[in-house]
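Asker: My questions will all concern the structure given below.
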Amino acid sequence: MRAVLTLLAACLLAAPVRAQDSVTTFPAPGTERQVLTLDTATDLAAFEPLIRDFQRIAPDVTIRYREFVTNALFEQARGECLAERPSADLMITSSVDHLVVLSNAGCALPHRSPETLAAPGWTRWRDEVFGFTFEPAVIVYNRALLKPEEVPRTRLDLIELMREQPARFAGRIGGYDIARSGIGYLFAAFDARNALIYGRLIEGFGRTRLLTRCCSSDLIEELGKGELFIGYNILGSYAYSAQKAGAPIGIVIPHDYVLALSRGVMIPARARQPELAKRFLDYLLSQRGQRVVQQEAFFFGLNGSVPEGVEAPPGGLTSGMLRPIVIGPGLLPTQDRAKRERFLREWQNALQGAEPRGLQ
Amino acid sequence: MTPRGPSLYGRLAGVITAVLAIGALVLGWAAWIYARVAADEAYDRLLVGAALQIAESVATEPGRVTVDPPISAFETLALAKDDRIFYRVTDPGGDSLTGQDDLASARKQGRPGRDPVLADGTYRGFPVRIVTLGRYVTGPGVDGWVEVTLAQTRLARLELARDLTLKSLLLVLGMSVLALVALLLAVRVALRPLRAVQAAIAARDPKDLQPVEVEAPREVAMLVDSINHFLGRLAERVGGMERFIADAAHQIRTPLTALAAQVDLLSSETRAERRRQQMARVRERIEQLGRLTSQLLSHAMVIHRREVVQLGPVDLVPVAQAALKEAVPLSLDRDIRVVFEPAEPSLVIRGDRVSIGEVIANAVHNAIRHGAPGLLALRLSRDGEEALVEIVDDGPGIPAAEWDEVVKPFVRGGSEAAGSGLGLTIVADVVLAHGGRLDFRQEEAGPFVVSLRFPLLVPAEDTPRQTEDAA
């Protein structure tokens with residue numbers, strides 16, 4: 001019995017360590033006085049410019065950057081909150097629904113400042129969860145493998161493409177593994193609100209045997225290599241970064257409707273350095289921080305500006321076609337366990353070619 | 001200088017402000033209670049609506065119950081933007097289907113039902129409003145009540161209640177300020193006639209004792225009337241005084257002139273017989289002058305006392321008896337029977353003992369001077385609510401035609417030249433000042449009666465008292 005308990009404890013203790021992908025430390029450029037720990041589900045490459053710029057303002061701060069997969073980060077944060085253990089100073093993740101669930105459960109510290117109050121209403125909740133980027137879900141394609149007239153500009157285009165040439169695209173269309181990727185699940189859940197299109201879309205995915213990956217980077221890499229022809233609902237910011245770095249990929253912001261996410265940041269209730277965390281949060285939302293976000297890190301602006309080389313809808317990102325993932329209690333049901341279970345089951349059934357249930 | 005109390009205006013303003021402030025507090029409290037009920041009602045509808053939406057998503061599959069909480073339910077609740085949401089759906093066996101497993105139901109007792117049950121509670125330390133409602137499901141292998149419990153924190157409710165309360169408080173405060181201003185204006189307007197009266201009095205000549213003529217509302221008109229009444233009495237008093245002084249001067253000058261002439265005659269008279277006659281006349285004149293002077297003083301004293309002496313209970317019987325003793329000289333040049341006839345042992349009136357004694361003595365004196373060849377009676381009796389003092393003599397009396405005249409100063413009954421003419425005036429003044437009445441009566445059989453009536457102080461009072469005749 002004792003052995004079992006010990007084993008269980010060891011597993012529990014080991015769990016967060018295992019979930020953690022990597023730790024990177026950015027030593028203070030000046031004399032170190034404080035250490036800020038960030039637990040993130042964000043590519044370091046994207047985030048690094050922000051850390052470097054912050055250290056120009058605060059040269060006495062060393063920053064520890066711990067990277068997780070979104071779901072692992074959520075599980076660890078939830079565990080720390082329930083156990084009332086001290087935690088990292090900031091949580092940064094694209095799965096804002098996770099942050100909303102944590103904030104709803106009382107696992108966050110509130111922060112009000114001129115910077116937080118200046119942020120758009122849909123990017124903040126309870127003065128606890130804040131969005132600091134604007135990242136549309138885009139369609140990414142390999143420029144060499146797709147003729148310009150074949151490039152799908154709407155979801156219907158993509159459905160048509162899969163219906164007309166199932167053999168050509170079999171195993172060549174990629175998407176997130178929504179069971180593992182929080183952002184993939186979130187985008188899929190929001191796509192599912194448009195039931196008719198969604199049903200036909202996953203039916204097409206099932207027919208062409210959608211290739212699923214845990215992370216944006218894998219998908220983008222395979223797209224660049226030509227192993228994948230088309231990637232659906234990829235985070236625009238990562239895709240653009242790869243395109244900028246020379247990957248032969250094209251990026252289309254869908255012309256029918258655009259899902260847009262604001263990457264979330266939250267101060268956990270038991271942050272060791274809450275004041276420093278607030279300072280970093282204010283920096284992220286400040287004009288200086290936002291300039292770095294838009295120019296060096298995530299490329300799209302909260303004001304709806306689109307970087308060059310991305311095919312945007314002819315009318316630009318108008319409010320009519322923009323479906324922002326509003327940070328608020330409306331995200332709670334996406335993490336409802338019954339709902340999630342049912343949604344994943346239907347997704348799996350559809351991809352395995354089974355007739356999807358509960359969908360037209 | 002009049003002692004100054006606190007300003008009427010200030011005091012009214014204070015009282016009104018206090019009343020309005022208390023009223024505003026009570027109203028604010030009531031508004032807060034009402035606002036909380038209203039906020040609860042408003043947000044309860046959203047809460048119940050969202051719970052119903054979740055309940056609608058309950059379905060059955062073979063052997064189990066499924067639930068798919070719709071996003072719209074949470075978006076409904078998200079109208080309370082910053083509030084936390086907790087929920088739980090339980091299957092017929094009581095096990096959680098989804099949501100927070102430790103969220104307690106709002107239904108404390110009884111059986112599950114379709115009707116929503118609302119309750120206040122706390123969840124993980126957060127004050128929450130909870131709703132629980134049930135759905136009966138039946139399908140292959142499942143049968144029973146599924147319960148949906150939905151809880152939401154109270155931030156938006158509190159904020160709405162606070163907002164409503166604040167708004168109604170603003171209204172209440174606005175109304176209070178309006179009422180305060182209106183009332184203070186009203187007080188100012190109401191007090192304006194008083195200032196007009198004050199200005200009218202301040203502006204007039206000190207010698208001017210005419211009634212004040214100011215247009216005033218009913219409430220202030222009473223004050224003006226009192227002032228005018230007072231002024232009237234003052235004018236009467238001053239007028240009487242002035243007339244008295246003029247008459248008295250005149251009355252004294254005439255005998256003095258005559259006396260001077262007689263003294264002149266006396267000094268030039270050589271015949272002894274004539275000298276003696278002249279001397280007798282001079283002495284008579286001097287006596288007359290002395291009487292006049294003493295009566296003038298007596299009158300002045302009575303007038304003075306009327307102004308300064310506080311009236312008190314006076315028993316007429318001993319006072320009249322003393323006055324009679326004083327007024328009847330020990331030696332009279334004729335044989336007069338003097339009778340004191342009190343019909344009551346005691347007759348108490350409200351008055352000035354000295355003045356009353358003086359007037360009774362005066363009246364008695366008058367009777368001896370002007371009549372009473374053989375009889376003088378002083379009778380005291382009670383006539384209803386009045387005490388009656390009668391001075392009776394068997395002389396010729398005053399002719400009825402002169403009754404009105406003799407009470408005026410310096411008018412003498414025609415039949416006798418020795419009086420000063422002031423006696424009955426004093427009597428009339430004092431009796432009037434005591435609220436009484438002076439009457440004359442010529443009885444059939446002959447005796448002339450002067451009657452003085454005073455209102456009795458205690459009409460029923462009847463203390464036994466020794467009485468005696470004065471001879």
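Chains: A, B, ... in order of the structure tokens. Residues: from 1 per chain. Ligands: from 1, in order shown.
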Using 12 Å as the limit and counting only C-alpha atoms, can you tabulate each residue of chain B that touches chain A, with its shortest atom-to-atom distance in Å and the two atoms involved, as a tab-separated table?

Answerer:
```
residue	atom	partner	partner_atom	distance
B:Ala50	CA	A:Gly330	CA	11.9
B:Ile54	CA	A:Pro333	CA	10.5
B:Ser57	CA	A:Lys339	CA	10.4
B:Val58	CA	A:Ala338	CA	10.9
B:Ala59	CA	A:Gly358	CA	11.6
B:Val65	CA	A:Ala338	CA	10.6
B:Thr66	CA	A:Ala338	CA	7.5
B:Val67	CA	A:Ala338	CA	6.6
B:Asp68	CA	A:Lys339	CA	5.1
B:Pro69	CA	A:Pro333	CA	6.4
B:Pro70	CA	A:Pro333	CA	7.0
B:Ile71	CA	A:Pro333	CA	5.8
B:Ser72	CA	A:Gly330	CA	7.7
B:Ala73	CA	A:Gly330	CA	8.3
B:Phe74	CA	A:Gly330	CA	5.1
B:Glu75	CA	A:Gly330	CA	4.9
B:Thr76	CA	A:Gly330	CA	8.4
B:Leu77	CA	A:Pro329	CA	7.6
B:Ala78	CA	A:Pro329	CA	5.6
B:Leu79	CA	A:Pro329	CA	9.3
B:Ala80	CA	A:Pro329	CA	9.4
B:Lys81	CA	A:Gly328	CA	7.4
B:Asp82	CA	A:Arg126	CA	4.9
B:Asp83	CA	A:Arg126	CA	7.7
B:Arg84	CA	A:Asn104	CA	5.1
B:Ile85	CA	A:Asn104	CA	6.7
B:Phe86	CA	A:Asn104	CA	8.1
B:Tyr87	CA	A:Asp336	CA	9.8
B:Arg88	CA	A:Asp336	CA	10.1
B:Val89	CA	A:Ala338	CA	9.9
B:Thr90	CA	A:Ala338	CA	11.6
B:Ser96	CA	A:Ala338	CA	10.1
B:Leu97	CA	A:Ala338	CA	6.8
B:Thr98	CA	A:Ala338	CA	5.5
B:Gly99	CA	A:Asp336	CA	6.5
B:Gln100	CA	A:Asp336	CA	9.6
B:Asp101	CA	A:Arg337	CA	11.5
B:Tyr123	CA	A:Ala105	CA	9.8
B:Arg124	CA	A:Ala105	CA	8.3
B:Gly125	CA	A:Gly106	CA	9.5
B:Phe126	CA	A:Gly106	CA	8.8
B:Ala151	CA	A:Asn104	CA	11.7
B:Gln152	CA	A:Asn104	CA	10.2
B:Thr153	CA	A:Asn104	CA	10.0
B:Leu155	CA	A:Arg126	CA	10.4
B:Ala156	CA	A:Arg126	CA	11.5
```

Asker: Would you pick out the contacts of Ala192 (chain A) at 10 Å or less, using only C-alpha atoms, so that residues sharing its chain but fewer than 5 positions from it are not included, and give the list as a PyMOL selection string?

Answerer: chain A and resi 186-187+197-199+201-202+343+359

Asker: For region 87-91 of chain A, work out the shell of residues within 6 Å, counting only C-alpha atoms and skipping chain neighbours fewer than 4 positions away, then give it as a PDB file with N, CA and C atoms, in the first residue's frame.

Answerer:
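Final output, selection.pdb:
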```pdb
ATOM      1  N   THR A  37       9.636  34.397 -13.748  1.00  0.00           N
ATOM      2  CA  THR A  37       9.440  33.092 -14.381  1.00  0.00           C
ATOM      3  C   THR A  37       8.171  33.136 -15.224  1.00  0.00           C
ATOM      4  N   LEU A  38       8.317  32.783 -16.498  1.00  0.00           N
ATOM      5  CA  LEU A  38       7.168  32.746 -17.394  1.00  0.00           C
ATOM      6  C   LEU A  38       6.894  31.295 -17.753  1.00  0.00           C
ATOM      7  N   ASP A  39       5.658  30.835 -17.518  1.00  0.00           N
ATOM      8  CA  ASP A  39       5.235  29.513 -17.992  1.00  0.00           C
ATOM      9  C   ASP A  39       4.429  29.753 -19.245  1.00  0.00           C
ATOM     10  N   THR A  40       4.892  29.232 -20.373  1.00  0.00           N
ATOM     11  CA  THR A  40       4.230  29.616 -21.611  1.00  0.00           C
ATOM     12  C   THR A  40       3.936  28.423 -22.494  1.00  0.00           C
ATOM     13  N   VAL A 265      -2.568  36.243 -21.401  1.00  0.00           N
ATOM     14  CA  VAL A 265      -1.577  36.290 -20.348  1.00  0.00           C
ATOM     15  C   VAL A 265      -2.317  36.482 -19.029  1.00  0.00           C
ATOM     16  N   MET A 266      -1.823  35.830 -17.984  1.00  0.00           N
ATOM     17  CA  MET A 266      -2.511  35.864 -16.701  1.00  0.00           C
ATOM     18  C   MET A 266      -1.477  35.747 -15.582  1.00  0.00           C
ATOM     19  N   ILE A 267      -1.739  36.437 -14.476  1.00  0.00           N
ATOM     20  CA  ILE A 267      -0.863  36.298 -13.314  1.00  0.00           C
ATOM     21  C   ILE A 267      -1.489  35.254 -12.395  1.00  0.00           C
ATOM     22  N   ARG A 270      -0.861  32.512  -7.057  1.00  0.00           N
ATOM     23  CA  ARG A 270       0.277  32.357  -6.155  1.00  0.00           C
ATOM     24  C   ARG A 270       1.601  32.622  -6.856  1.00  0.00           C
ATOM     25  N   ALA A 271       1.610  33.660  -7.670  1.00  0.00           N
ATOM     26  CA  ALA A 271       2.852  34.067  -8.315  1.00  0.00           C
ATOM     27  C   ALA A 271       3.841  34.492  -7.234  1.00  0.00           C
ATOM     28  N   ARG A 272       5.139  34.133  -7.449  1.00  0.00           N
ATOM     29  CA  ARG A 272       6.134  34.492  -6.420  1.00  0.00           C
ATOM     30  C   ARG A 272       6.466  35.969  -6.485  1.00  0.00           C
ATOM     31  N   GLN A 273       6.386  36.555  -7.677  1.00  0.00           N
ATOM     32  CA  GLN A 273       6.765  37.962  -7.851  1.00  0.00           C
ATOM     33  C   GLN A 273       5.608  38.717  -8.517  1.00  0.00           C
ATOM     34  N   ALA A 277       5.537  40.665 -12.145  1.00  0.00           N
ATOM     35  CA  ALA A 277       4.651  40.126 -13.179  1.00  0.00           C
ATOM     36  C   ALA A 277       3.750  41.227 -13.735  1.00  0.00           C
TER      37      ALA A 277
END
```

Asker: What's around region 240-256 of chain A at 10 Å? Count only C-alpha atoms, leave out sequence neighbours fewer than 5 positions away in its own chain, and write the answer as a PyMOL selection string.

Answerer: chain A and resi 45-46+136-146+148+151-157+217+220-221+223-226+229-235+296-300+306-317+320-322

Asker: Would you please give, as an MDAnalysis selection string, all residues of region 85-176 of chain A that DSSP assigns to alpha helix (DSSP H) based on the backbone?

Answerer: chainID A and resid 96:104 114:118 155:164 166:169

Asker: Could you take the residues named above and write them with N, CA and C atoms, as an mmCIF file, in the first residue's frame?

Answerer:
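Listing of selection.cif after writing:
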```cif
data_model
loop_
_atom_site.group_PDB
_atom_site.id
_atom_site.type_symbol
_atom_site.label_atom_id
_atom_site.label_comp_id
_atom_site.auth_asym_id
_atom_site.auth_seq_id
_atom_site.Cartn_x
_atom_site.Cartn_y
_atom_site.Cartn_z
ATOM 1 N N VAL A 96 -6.703 30.567 -24.705
ATOM 2 C CA VAL A 96 -7.248 31.515 -23.729
ATOM 3 C C VAL A 96 -8.396 30.912 -22.928
ATOM 4 N N ASP A 97 -9.048 29.873 -23.507
ATOM 5 C CA ASP A 97 -10.126 29.235 -22.738
ATOM 6 C C ASP A 97 -9.582 28.613 -21.457
ATOM 7 N N HIS A 98 -8.339 28.139 -21.503
ATOM 8 C CA HIS A 98 -7.722 27.611 -20.278
ATOM 9 C C HIS A 98 -7.599 28.704 -19.229
ATOM 10 N N LEU A 99 -7.150 29.873 -19.668
ATOM 11 C CA LEU A 99 -6.984 30.976 -18.723
ATOM 12 C C LEU A 99 -8.334 31.404 -18.141
ATOM 13 N N VAL A 100 -9.374 31.385 -18.985
ATOM 14 C CA VAL A 100 -10.704 31.770 -18.501
ATOM 15 C C VAL A 100 -11.191 30.778 -17.442
ATOM 16 N N VAL A 101 -10.953 29.491 -17.705
ATOM 17 C CA VAL A 101 -11.355 28.476 -16.715
ATOM 18 C C VAL A 101 -10.604 28.705 -15.402
ATOM 19 N N LEU A 102 -9.300 28.979 -15.496
ATOM 20 C CA LEU A 102 -8.507 29.196 -14.286
ATOM 21 C C LEU A 102 -8.964 30.456 -13.541
ATOM 22 N N SER A 103 -9.190 31.505 -14.284
ATOM 23 C CA SER A 103 -9.646 32.751 -13.652
ATOM 24 C C SER A 103 -11.016 32.541 -13.001
ATOM 25 N N ASN A 104 -11.889 31.810 -13.671
ATOM 26 C CA ASN A 104 -13.222 31.542 -13.132
ATOM 27 C C ASN A 104 -13.129 30.780 -11.811
ATOM 28 N N PRO A 114 -3.456 51.732 -16.263
ATOM 29 C CA PRO A 114 -3.858 52.434 -17.498
ATOM 30 C C PRO A 114 -3.661 51.549 -18.720
ATOM 31 N N GLU A 115 -2.623 50.714 -18.705
ATOM 32 C CA GLU A 115 -2.363 49.855 -19.862
ATOM 33 C C GLU A 115 -3.449 48.799 -20.022
ATOM 34 N N THR A 116 -3.834 48.144 -18.913
ATOM 35 C CA THR A 116 -4.840 47.087 -19.038
ATOM 36 C C THR A 116 -6.180 47.693 -19.431
ATOM 37 N N LEU A 117 -6.482 48.905 -18.915
ATOM 38 C CA LEU A 117 -7.781 49.500 -19.217
ATOM 39 C C LEU A 117 -7.848 49.985 -20.662
ATOM 40 N N ALA A 118 -6.681 50.223 -21.288
ATOM 41 C CA ALA A 118 -6.681 50.708 -22.662
ATOM 42 C C ALA A 118 -6.898 49.570 -23.652
ATOM 43 N N ARG A 155 -13.626 28.496 -46.915
ATOM 44 C CA ARG A 155 -13.768 27.114 -46.478
ATOM 45 C C ARG A 155 -14.493 26.297 -47.542
ATOM 46 N N LEU A 156 -15.440 26.961 -48.247
ATOM 47 C CA LEU A 156 -16.129 26.243 -49.317
ATOM 48 C C LEU A 156 -15.165 25.844 -50.412
ATOM 49 N N ASP A 157 -14.194 26.753 -50.737
ATOM 50 C CA ASP A 157 -13.168 26.420 -51.728
ATOM 51 C C ASP A 157 -12.433 25.152 -51.307
ATOM 52 N N LEU A 158 -12.077 25.097 -50.022
ATOM 53 C CA LEU A 158 -11.330 23.950 -49.504
ATOM 54 C C LEU A 158 -12.163 22.677 -49.587
ATOM 55 N N ILE A 159 -13.451 22.794 -49.237
ATOM 56 C CA ILE A 159 -14.342 21.637 -49.299
ATOM 57 C C ILE A 159 -14.440 21.128 -50.740
ATOM 58 N N GLU A 160 -14.591 22.088 -51.690
ATOM 59 C CA GLU A 160 -14.672 21.732 -53.103
ATOM 60 C C GLU A 160 -13.410 20.986 -53.560
ATOM 61 N N LEU A 161 -12.264 21.562 -53.164
ATOM 62 C CA LEU A 161 -10.975 20.987 -53.521
ATOM 63 C C LEU A 161 -10.869 19.540 -53.034
ATOM 64 N N MET A 162 -11.262 19.282 -51.789
ATOM 65 C CA MET A 162 -11.167 17.939 -51.206
ATOM 66 C C MET A 162 -12.155 16.993 -51.868
ATOM 67 N N ARG A 163 -13.337 17.582 -52.276
ATOM 68 C CA ARG A 163 -14.360 16.734 -52.882
ATOM 69 C C ARG A 163 -13.954 16.324 -54.299
ATOM 70 N N GLU A 164 -13.354 17.329 -55.025
ATOM 71 C CA GLU A 164 -13.035 17.068 -56.431
ATOM 72 C C GLU A 164 -11.804 16.174 -56.609
ATOM 73 N N PRO A 166 -9.942 13.971 -54.177
ATOM 74 C CA PRO A 166 -9.589 13.326 -52.912
ATOM 75 C C PRO A 166 -8.279 12.552 -53.000
ATOM 76 N N ALA A 167 -7.976 12.014 -54.119
ATOM 77 C CA ALA A 167 -6.765 11.207 -54.231
ATOM 78 C C ALA A 167 -5.533 12.089 -54.140
ATOM 79 N N ARG A 168 -5.585 13.264 -54.828
ATOM 80 C CA ARG A 168 -4.424 14.150 -54.845
ATOM 81 C C ARG A 168 -4.100 14.683 -53.449
ATOM 82 N N PHE A 169 -5.127 14.960 -52.663
ATOM 83 C CA PHE A 169 -4.896 15.587 -51.366
ATOM 84 C C PHE A 169 -4.868 14.592 -50.212
#
```

Asker: Find, counting only C-alpha atoms, the residue in B:Glu273, B:Asp143, B:Glu56, B:Asp44 that gets nearest to Asp91 (chain B).

Answerer: B:Asp143

Asker: Identify all residues of region 298-335 of chain A in strand (DSSP E) (DSSP on the backbone) and supply them as a ChimeraX atom specification.

Answerer: /A:310-311,322-324

Asker: Could you please take those selected residues and save N, CA and C atoms as a short mmCIF file (atom, residue, chain, number, x, y, z; two decimals), in the first residue's frame?

Answerer:
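Wrote again21.cif, looks like this:
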```cif
data_model
loop_
_atom_site.label_atom_id
_atom_site.label_comp_id
_atom_site.auth_asym_id
_atom_site.auth_seq_id
_atom_site.Cartn_x
_atom_site.Cartn_y
_atom_site.Cartn_z
N VAL A 310 0.62 38.50 -47.06
CA VAL A 310 -0.49 37.68 -46.61
C VAL A 310 -1.71 38.07 -47.43
N GLU A 311 -2.38 37.07 -47.97
CA GLU A 311 -3.55 37.38 -48.80
C GLU A 311 -4.77 37.60 -47.92
N LEU A 322 -15.03 39.22 -39.13
CA LEU A 322 -14.11 38.90 -38.05
C LEU A 322 -14.87 38.24 -36.91
N ARG A 323 -14.42 37.06 -36.50
CA ARG A 323 -15.05 36.40 -35.34
C ARG A 323 -14.01 36.28 -34.24
N PRO A 324 -13.81 37.32 -33.48
CA PRO A 324 -12.79 37.24 -32.44
C PRO A 324 -13.22 36.26 -31.36
#
```

Asker: Just the residues within 7 Å of Glu341 (chain B), please, counting only C-alpha atoms, with nothing from its chain fewer than 2 positions along; format it as a ChimeraX atom specification.

Answerer: /B:339,343,378-380,469

Asker: Using N, CA and C atoms, can you export the residues from the last selection as a CSV table (one decimal), in the first residue's frame?

Answerer:
```csv
chain,number,residue,atom,x,y,z
B,339,VAL,N,-72.8,104.8,58.5
B,339,VAL,CA,-73.1,103.4,58.7
B,339,VAL,C,-72.2,102.5,57.7
B,343,ALA,N,-72.6,93.2,53.5
B,343,ALA,CA,-73.6,92.0,53.4
B,343,ALA,C,-72.8,90.7,53.3
B,378,LEU,N,-72.1,103.1,53.9
B,378,LEU,CA,-71.2,102.4,53.0
B,378,LEU,C,-71.6,100.9,53.0
B,379,ARG,N,-72.2,100.5,51.8
B,379,ARG,CA,-72.7,99.1,51.8
B,379,ARG,C,-71.9,98.3,50.9
B,380,LEU,N,-71.6,97.1,51.3
B,380,LEU,CA,-70.9,96.1,50.5
B,380,LEU,C,-71.7,94.9,50.3
B,469,ASP,N,-69.4,97.7,62.6
B,469,ASP,CA,-69.9,99.0,62.1
B,469,ASP,C,-68.9,100.1,62.4
```

Asker: Just the residues within 10 Å of Glu67 (chain A), please, counting only C-alpha atoms, with nothing from its chain fewer than 4 positions along; format it as a VMD selection string.

Answerer: chain A and resid 19 to 24 38 to 44 72 to 73 92 to 93

Asker: Give the answer as one residue: which of A:Lys278, A:Arg172, A:Arg66, A:Arg288 has the shortest atom-to-atom distance to Ser113 (chain A), using only C-alpha atoms?

Answerer: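 Selected residue with least distance to Ser113 (chain A): A:Lys278.
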
Asker: By how many Å are CA of Leu169 (chain B) and CA of Ala186 (chain B) apart?

Answerer: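 Going from CA of Leu169 (chain B) over to CA of Ala186 (chain B) covers 24.9 Å.
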
Asker: What is the distance, in Å and to one decimal place, between CA of Cys81 (chain A) and CA of Gly121 (chain B)?

Answerer: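 Taking CA of Cys81 (chain A) and CA of Gly121 (chain B), their separation equals 22.4 Å.
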
Asker: Extract, using only C-alpha atoms, all DNA, RNA and protein residues at most 12 Å from Ala179 (chain B), discarding same-chain residues fewer than 2 positions from it, and format them as a list in words.

Answerer: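 Listing them by chain and then by number gives Ala13, Ile16, Thr17, Val19, Leu20, Ala21, Gly23, Ala24, Val172, Leu173, Gly174, Met175, Ser176, Val177, Val181, Ala182, Leu183, Leu184, Leu185, Ala186 and Val187 of chain B.
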
Asker: Could you dump the residues just selected with C-alpha atoms as an mmCIF file, in the first residue's frame?

Answerer:
```cif
data_model
loop_
_atom_site.group_PDB
_atom_site.id
_atom_site.type_symbol
_atom_site.label_atom_id
_atom_site.label_comp_id
_atom_site.auth_asym_id
_atom_site.auth_seq_id
_atom_site.Cartn_x
_atom_site.Cartn_y
_atom_site.Cartn_z
ATOM 1 C CA ALA B 13 -33.200 76.158 8.118
ATOM 2 C CA ILE B 16 -35.722 71.593 7.778
ATOM 3 C CA THR B 17 -32.247 70.429 6.807
ATOM 4 C CA VAL B 19 -35.686 66.530 8.592
ATOM 5 C CA LEU B 20 -34.712 66.366 4.934
ATOM 6 C CA ALA B 21 -31.405 64.666 5.739
ATOM 7 C CA GLY B 23 -35.696 61.576 5.091
ATOM 8 C CA ALA B 24 -32.953 61.181 2.496
ATOM 9 C CA VAL B 172 -33.753 62.185 -3.456
ATOM 10 C CA LEU B 173 -30.911 64.628 -2.914
ATOM 11 C CA GLY B 174 -32.094 66.787 -5.790
ATOM 12 C CA MET B 175 -35.617 66.843 -4.391
ATOM 13 C CA SER B 176 -34.287 67.588 -0.914
ATOM 14 C CA VAL B 177 -32.248 70.514 -2.158
ATOM 15 C CA VAL B 181 -34.537 76.067 -1.210
ATOM 16 C CA ALA B 182 -38.307 76.340 -1.588
ATOM 17 C CA LEU B 183 -38.891 76.189 2.149
ATOM 18 C CA LEU B 184 -36.198 78.731 2.912
ATOM 19 C CA LEU B 185 -37.632 81.035 0.268
ATOM 20 C CA ALA B 186 -41.084 80.508 1.767
ATOM 21 C CA VAL B 187 -39.771 81.329 5.246
#
```

Asker: For Pro455 (chain B), which residue out of B:Pro396, B:Pro313, B:Pro140, B:Pro193 is the nearest one, using only C-alpha atoms?

Answerer: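 Smallest separation from Pro455 (chain B) among the options: B:Pro313.
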